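Asker: First, the structure itself, so that you have it in front of you.
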Amino acid sequence: MSQTHARRRLPPLDLLRGFEAAARHLSFTRAAAELSLTQSAVSRQVQALESHLQQPLFERRHRALALTPAGELLRRQVGELLARLGETIEQIRAAQTARLVTVTTPGSVASLWLLPRLPAFRAAHPQIDVRISADSRVADLTRERIDVAIRFCPTERAPGDGERLFGEATIPVCSPALRADRRRPLRAPADLRRHVLLHCDATSPYPWLAWDLWLETMGLAGLQPAGALRFSHYDQAILAAIDGQGIALGRRPLIDAQLARGQLVVPFARQLRAAVAPRAYYLLVEPAARQRPEVQRFVAWLREQATTA
C-alpha cells in the first residue's frame, strides 16, 4: 500500500486524541475534563474511531473501562506519535520565538535614531522580528527577557559589560521653511530673538541640552526669544521643529536621519561647532542572547549603523 493511500485511510486527529486520553485515564469522564469536552463527546469520538477501525477498542464494564488487545496496541502507538508531534510543535514555536529580538532604549533614541533605520534591517533580515521597548528605565535584561539595550549614561558610569556606540553633540535645528523665512532671517544666533524656542522638560538633568546654557555659551545669556514651547518628551520637540513651529536643540546623531532627509536644517549661515555632551550611548547584550544568530545579526547591524553616526 502506498504512503499516500495509507494517509487517506487515517482517522481524524481529534478521534485519536480523544481515544488516547480515554485510554490513558481509562475513563471517558477524566478524558473529557482534560480535553475540555463533555463526557458524551469523548464517548462519541471513541465510537467513531471504533467504527472507522471496525473493531472495539474498549471493554465497557460496570463503571470501568478496559482496553482490548487492539486498543492497547493503538494506545502505545498513538501515545508515542502524539508525544513526538507535541515536541515538534514546541520546537517550531521555540524557533519562532528565537527569531524575535527585543530591544530596550530611551524613547528619543527609538523614535529618532532607531526607527528611521529599522526598515533597512528588516529588508536585509525579513525573517527576524524586532520588538522595541522605549523606556529610559534601567531594566534587568535577563529577568525581563530583553536581548539588547542601548543606554545613555556618563562615560565614568558606563556599564562594565557595555560597548560604546557613539557620543552626542547638540546644534540648533529648524525646518527648511523656517530658515527660508525672509521676514525673520536666521543669519546668526542673535537672530533667535525673532523665533520661538522649543524646549524639552525631560532634558533638565542634562544642562547641555538646555537653551539657557547654549545661549550663554554663545554670549547671549540675556536673549529674549519671540516665544517658547515646552514638551515632556524630546521627540515631541523635534516633531514640532519639523512642523515649523520653532527652533530646537538637535541632538546628533539622533536627528541625523531627519537632517539627511531635509526635514531639518541647521539655521545659521555660518556653521557653528556642535556642543559635545559628556555622555554617550552604550550597547549591552544579555549574556545568553549573545549565542543566538538573530541577536548577533542585529548587534552587528547596530555597530554598523553606529560607525556612520
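Quick note on naming: the chains in the C-alpha cells go A, B, ... in the order shown, residues restart at 1 in each chain, and ligands are numbered from 1 in order of appearance.
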Residues at most 8 Å from range 182-190 of chain A, counting only C-alpha atoms, excluding those fewer than 3 positions away in the same chain, as a PyMOL selection string?
Answerer: chain A and resi 179+193-195+218+220+223+267-270
Asker: Skip Ser175 in chain A itself and residues of its chain fewer than 6 positions away, then list as a PyMOL selection string all residues within 7 Å of it, counting only C-alpha atoms.
Answerer: chain A and resi 241-244+263-265
Asker: Which of range 34-252 of chain A end up as helix (DSSP H, G or I) when DSSP is run on this backbone - answer as number ranges by chain?
Answerer: A: 34-35, 39-53, 69-98, 107-124, 155-157, 176-179, 189-194, 201-203, 207-209, 211-217, 234-242
Asker: Rounded to one decimal in Å, what is the spacing between CA of Phe231 in chain A and CA of Gly246 in chain A?
Answerer: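 Going from CA of Phe231 in chain A over to CA of Gly246 in chain A, I get 12.3 Å.
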Asker: Please tabulate, as JSON lines, the residues of range 61-132 of chain A that come within 8 Å of range 248-256 of chain A, each with its closest pair of atoms and the distance in Å to one decimal, counting only C-alpha atoms and ordering rows by chain, then residue number upward.
Answerer:
{"residue": "A:Ser108", "atom": "CA", "partner": "A:Leu254", "partner_atom": "CA", "distance": 7.6}
{"residue": "A:Val109", "atom": "CA", "partner": "A:Leu254", "partner_atom": "CA", "distance": 6.3}
{"residue": "A:Leu112", "atom": "CA", "partner": "A:Leu254", "partner_atom": "CA", "distance": 5.6}
{"residue": "A:Trp113", "atom": "CA", "partner": "A:Leu254", "partner_atom": "CA", "distance": 4.7}
Asker: Check the smallest atom-to-atom distance from each of A:Pro12, A:Gly219, A:Pro287, A:Gly86 to Asp161 in chain A using only C-alpha atoms, then report the winner.
Answerer: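 Of the candidates, the smallest distance to Asp161 in chain A is held by A:Pro287.
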Asker: Kindly provide the residues of range 19-103 of chain A that approach range 135-152 of chain A to within 10 Å, each paired with its closest atom pair and their distance in Å to one decimal, based on only C-alpha atoms, listed by chain and increasing number, as a tab-separated table.
Answerer:
residue	atom	partner	partner_atom	distance
A:Leu100	CA	A:Asp147	CA	9.1
A:Val101	CA	A:Asp147	CA	6.2
A:Thr102	CA	A:Asp147	CA	5.2
A:Val103	CA	A:Val148	CA	4.7
Asker: Output C-alpha atoms for every residue in the selection just made, as a PDB file, in the first residue's frame.
Answerer:
ATOM      1  CA  LEU A 100      12.380  37.749  17.918  1.00  0.00           C
ATOM      2  CA  VAL A 101      14.931  40.305  19.118  1.00  0.00           C
ATOM      3  CA  THR A 102      13.731  42.501  21.993  1.00  0.00           C
ATOM      4  CA  VAL A 103      15.427  45.881  22.369  1.00  0.00           C
TER       5      VAL A 103
END
Asker: With distances taken over only C-alpha atoms, which of A:Thr38, A:Thr170, A:Gln224, A:Ser232 is nearest to Ala210 in chain A?
Answerer: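 Of all the options, A:Thr170 lies closest to Ala210 in chain A.
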Asker: Show me, as number ranges by chain, the residues that have an atom within 8 Å of range 64-81 of chain A when counting only C-alpha atoms, minus same-chain residues fewer than 4 positions from it.
Answerer: A: 16, 19-20, 23-24, 26-27, 55-60, 85
Asker: Give the strand (DSSP E or B) residues of range 139-277 of chain A, as assigned by DSSP on the backbone, as JSON, numbers by chain.
Answerer: {"A": [148, 149, 150, 151, 152, 153, 154, 163, 164, 165, 166, 167, 168, 169, 170, 171, 172, 173, 174, 196, 197, 198, 199, 200, 227, 228, 229, 230, 231, 247, 248, 249, 250, 251, 252, 265, 275, 276, 277]}
Asker: Export, as a JSON list (two decimals), in the first residue's frame, the selected residues with N, CA and C atoms.
Answerer:
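This went into again_1.json:
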[["chain", "number", "residue", "atom", "x", "y", "z"],
["A", 148, "VAL", "N", 18.70, 43.08, 23.96],
["A", 148, "VAL", "CA", 19.65, 44.16, 23.66],
["A", 148, "VAL", "C", 19.16, 45.44, 24.33],
["A", 149, "ALA", "N", 20.12, 46.22, 24.85],
["A", 149, "ALA", "CA", 19.78, 47.53, 25.43],
["A", 149, "ALA", "C", 20.73, 48.59, 24.88],
["A", 150, "ILE", "N", 20.20, 49.78, 24.64],
["A", 150, "ILE", "CA", 21.01, 50.96, 24.32],
["A", 150, "ILE", "C", 20.77, 51.96, 25.45],
["A", 151, "ARG", "N", 21.83, 52.29, 26.18],
["A", 151, "ARG", "CA", 21.71, 53.16, 27.35],
["A", 151, "ARG", "C", 22.55, 54.41, 27.19],
["A", 152, "PHE", "N", 21.99, 55.51, 27.66],
["A", 152, "PHE", "CA", 22.62, 56.83, 27.61],
["A", 152, "PHE", "C", 23.11, 57.16, 29.02],
["A", 153, "CYS", "N", 24.40, 57.27, 29.19],
["A", 153, "CYS", "CA", 24.92, 57.49, 30.54],
["A", 153, "CYS", "C", 26.28, 58.18, 30.48],
["A", 154, "PRO", "N", 26.73, 58.76, 31.61],
["A", 154, "PRO", "CA", 28.06, 59.38, 31.65],
["A", 154, "PRO", "C", 29.15, 58.35, 31.40],
["A", 163, "GLU", "N", 29.33, 48.36, 25.51],
["A", 163, "GLU", "CA", 30.19, 48.76, 24.38],
["A", 163, "GLU", "C", 29.72, 50.12, 23.88],
["A", 164, "ARG", "N", 30.66, 51.07, 23.81],
["A", 164, "ARG", "CA", 30.29, 52.42, 23.38],
["A", 164, "ARG", "C", 29.88, 52.41, 21.91],
["A", 165, "LEU", "N", 28.68, 52.92, 21.65],
["A", 165, "LEU", "CA", 28.20, 53.02, 20.27],
["A", 165, "LEU", "C", 28.58, 54.36, 19.66],
["A", 166, "PHE", "N", 28.18, 55.46, 20.31],
["A", 166, "PHE", "CA", 28.50, 56.79, 19.80],
["A", 166, "PHE", "C", 28.24, 57.82, 20.89],
["A", 167, "GLY", "N", 28.82, 58.99, 20.72],
["A", 167, "GLY", "CA", 28.58, 60.10, 21.62],
["A", 167, "GLY", "C", 27.44, 60.96, 21.12],
["A", 168, "GLU", "N", 27.34, 62.17, 21.67],
["A", 168, "GLU", "CA", 26.25, 63.06, 21.30],
["A", 168, "GLU", "C", 26.74, 64.51, 21.30],
["A", 169, "ALA", "N", 26.22, 65.29, 20.36],
["A", 169, "ALA", "CA", 26.52, 66.72, 20.30],
["A", 169, "ALA", "C", 25.24, 67.45, 19.92],
["A", 170, "THR", "N", 25.12, 68.70, 20.37],
["A", 170, "THR", "CA", 23.89, 69.47, 20.13],
["A", 170, "THR", "C", 24.16, 70.65, 19.22],
["A", 171, "ILE", "N", 23.16, 70.94, 18.38],
["A", 171, "ILE", "CA", 23.24, 72.05, 17.43],
["A", 171, "ILE", "C", 21.80, 72.53, 17.16],
["A", 172, "PRO", "N", 21.54, 73.83, 17.04],
["A", 172, "PRO", "CA", 20.19, 74.28, 16.72],
["A", 172, "PRO", "C", 19.72, 73.75, 15.35],
["A", 173, "VAL", "N", 18.44, 73.39, 15.27],
["A", 173, "VAL", "CA", 17.87, 72.90, 14.02],
["A", 173, "VAL", "C", 16.46, 73.45, 13.87],
["A", 174, "CYS", "N", 16.02, 73.54, 12.62],
["A", 174, "CYS", "CA", 14.66, 74.01, 12.33],
["A", 174, "CYS", "C", 14.23, 73.44, 10.99],
["A", 196, "VAL", "N", 10.46, 81.33, 18.01],
["A", 196, "VAL", "CA", 10.04, 80.51, 19.15],
["A", 196, "VAL", "C", 11.09, 79.42, 19.39],
["A", 197, "LEU", "N", 11.48, 79.25, 20.64],
["A", 197, "LEU", "CA", 12.43, 78.20, 21.00],
["A", 197, "LEU", "C", 11.66, 77.02, 21.59],
["A", 198, "LEU", "N", 12.02, 75.82, 21.15],
["A", 198, "LEU", "CA", 11.36, 74.59, 21.59],
["A", 198, "LEU", "C", 12.19, 73.94, 22.69],
["A", 199, "HIS", "N", 11.56, 73.73, 23.83],
["A", 199, "HIS", "CA", 12.24, 73.17, 24.99],
["A", 199, "HIS", "C", 11.71, 71.78, 25.30],
["A", 200, "CYS", "N", 12.55, 70.96, 25.93],
["A", 200, "CYS", "CA", 12.13, 69.65, 26.42],
["A", 200, "CYS", "C", 12.38, 69.60, 27.92],
["A", 227, "GLY", "N", 9.06, 83.58, 21.71],
["A", 227, "GLY", "CA", 8.17, 82.73, 22.48],
["A", 227, "GLY", "C", 8.83, 81.40, 22.79],
["A", 228, "ALA", "N", 8.12, 80.56, 23.50],
["A", 228, "ALA", "CA", 8.66, 79.25, 23.87],
["A", 228, "ALA", "C", 7.54, 78.22, 23.87],
["A", 229, "LEU", "N", 7.89, 77.03, 23.46],
["A", 229, "LEU", "CA", 7.01, 75.86, 23.57],
["A", 229, "LEU", "C", 7.77, 74.81, 24.35],
["A", 230, "ARG", "N", 7.10, 74.18, 25.31],
["A", 230, "ARG", "CA", 7.76, 73.18, 26.16],
["A", 230, "ARG", "C", 7.08, 71.83, 25.98],
["A", 231, "PHE", "N", 7.89, 70.77, 25.97],
["A", 231, "PHE", "CA", 7.39, 69.43, 25.75],
["A", 231, "PHE", "C", 7.94, 68.49, 26.82],
["A", 247, "ILE", "N", 12.41, 76.50, 16.84],
["A", 247, "ILE", "CA", 13.78, 76.02, 16.69],
["A", 247, "ILE", "C", 14.12, 75.17, 17.90],
["A", 248, "ALA", "N", 14.69, 73.99, 17.66],
["A", 248, "ALA", "CA", 15.04, 73.05, 18.73],
["A", 248, "ALA", "C", 16.55, 72.87, 18.78],
["A", 249, "LEU", "N", 17.01, 72.39, 19.91],
["A", 249, "LEU", "CA", 18.40, 71.96, 20.01],
["A", 249, "LEU", "C", 18.47, 70.51, 19.55],
["A", 250, "GLY", "N", 19.07, 70.31, 18.40],
["A", 250, "GLY", "CA", 19.14, 68.97, 17.83],
["A", 250, "GLY", "C", 20.25, 68.16, 18.45],
["A", 251, "ARG", "N", 19.93, 66.93, 18.79],
["A", 251, "ARG", "CA", 20.90, 66.00, 19.37],
["A", 251, "ARG", "C", 21.42, 65.07, 18.28],
["A", 252, "ARG", "N", 22.66, 65.30, 17.88],
["A", 252, "ARG", "CA", 23.26, 64.44, 16.88],
["A", 252, "ARG", "C", 24.05, 63.32, 17.57],
["A", 265, "VAL", "N", 17.16, 71.37, 9.17],
["A", 265, "VAL", "CA", 18.38, 72.00, 8.68],
["A", 265, "VAL", "C", 18.99, 72.80, 9.84],
["A", 275, "ALA", "N", 27.98, 71.44, 20.39],
["A", 275, "ALA", "CA", 28.40, 71.24, 21.77],
["A", 275, "ALA", "C", 28.42, 69.75, 22.08],
["A", 276, "VAL", "N", 29.56, 69.23, 22.52],
["A", 276, "VAL", "CA", 29.71, 67.80, 22.78],
["A", 276, "VAL", "C", 29.23, 67.48, 24.19],
["A", 277, "ALA", "N", 28.36, 66.49, 24.29],
["A", 277, "ALA", "CA", 27.80, 66.10, 25.59],
["A", 277, "ALA", "C", 28.79, 65.23, 26.35]]
Asker: Could you check how far CA of Arg44 in chain A sits from CA of Phe28 in chain A, in Å to one decimal?
Answerer: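 A separation of 10.0 Å between them.
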Asker: Residues within 10 Å of Val42 in chain A, please, as a ChimeraX atom specification. Count only C-alpha atoms; anything in the same chain fewer than 6 positions from it doesn't count.
Answerer: /A:14-15,17-19,21-22,27-33,35-36,48
Asker: Would you write out those residues with C-alpha atoms, as an mmCIF file, in the first residue's frame?
Answerer:
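Saved file out13.cif follows:
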data_model
loop_
_atom_site.group_PDB
_atom_site.id
_atom_site.type_symbol
_atom_site.label_atom_id
_atom_site.label_comp_id
_atom_site.auth_asym_id
_atom_site.auth_seq_id
_atom_site.Cartn_x
_atom_site.Cartn_y
_atom_site.Cartn_z
ATOM 1 C CA ASP A 14 -9.457 14.581 17.047
ATOM 2 C CA LEU A 15 -10.619 10.958 17.263
ATOM 3 C CA ARG A 17 -6.656 12.485 20.727
ATOM 4 C CA GLY A 18 -9.940 11.565 22.365
ATOM 5 C CA PHE A 19 -9.062 7.866 22.316
ATOM 6 C CA ALA A 21 -6.846 10.479 26.633
ATOM 7 C CA ALA A 22 -9.561 7.907 27.405
ATOM 8 C CA SER A 27 -12.245 6.979 31.887
ATOM 9 C CA PHE A 28 -14.323 8.992 29.453
ATOM 10 C CA THR A 29 -15.124 11.488 32.214
ATOM 11 C CA ARG A 30 -11.485 12.256 33.108
ATOM 12 C CA ALA A 31 -10.524 12.363 29.430
ATOM 13 C CA ALA A 32 -13.311 14.864 28.795
ATOM 14 C CA ALA A 33 -12.065 17.098 31.643
ATOM 15 C CA LEU A 35 -9.730 17.922 26.690
ATOM 16 C CA SER A 36 -12.349 20.468 27.829
ATOM 17 C CA ALA A 48 -16.445 6.871 15.669
#
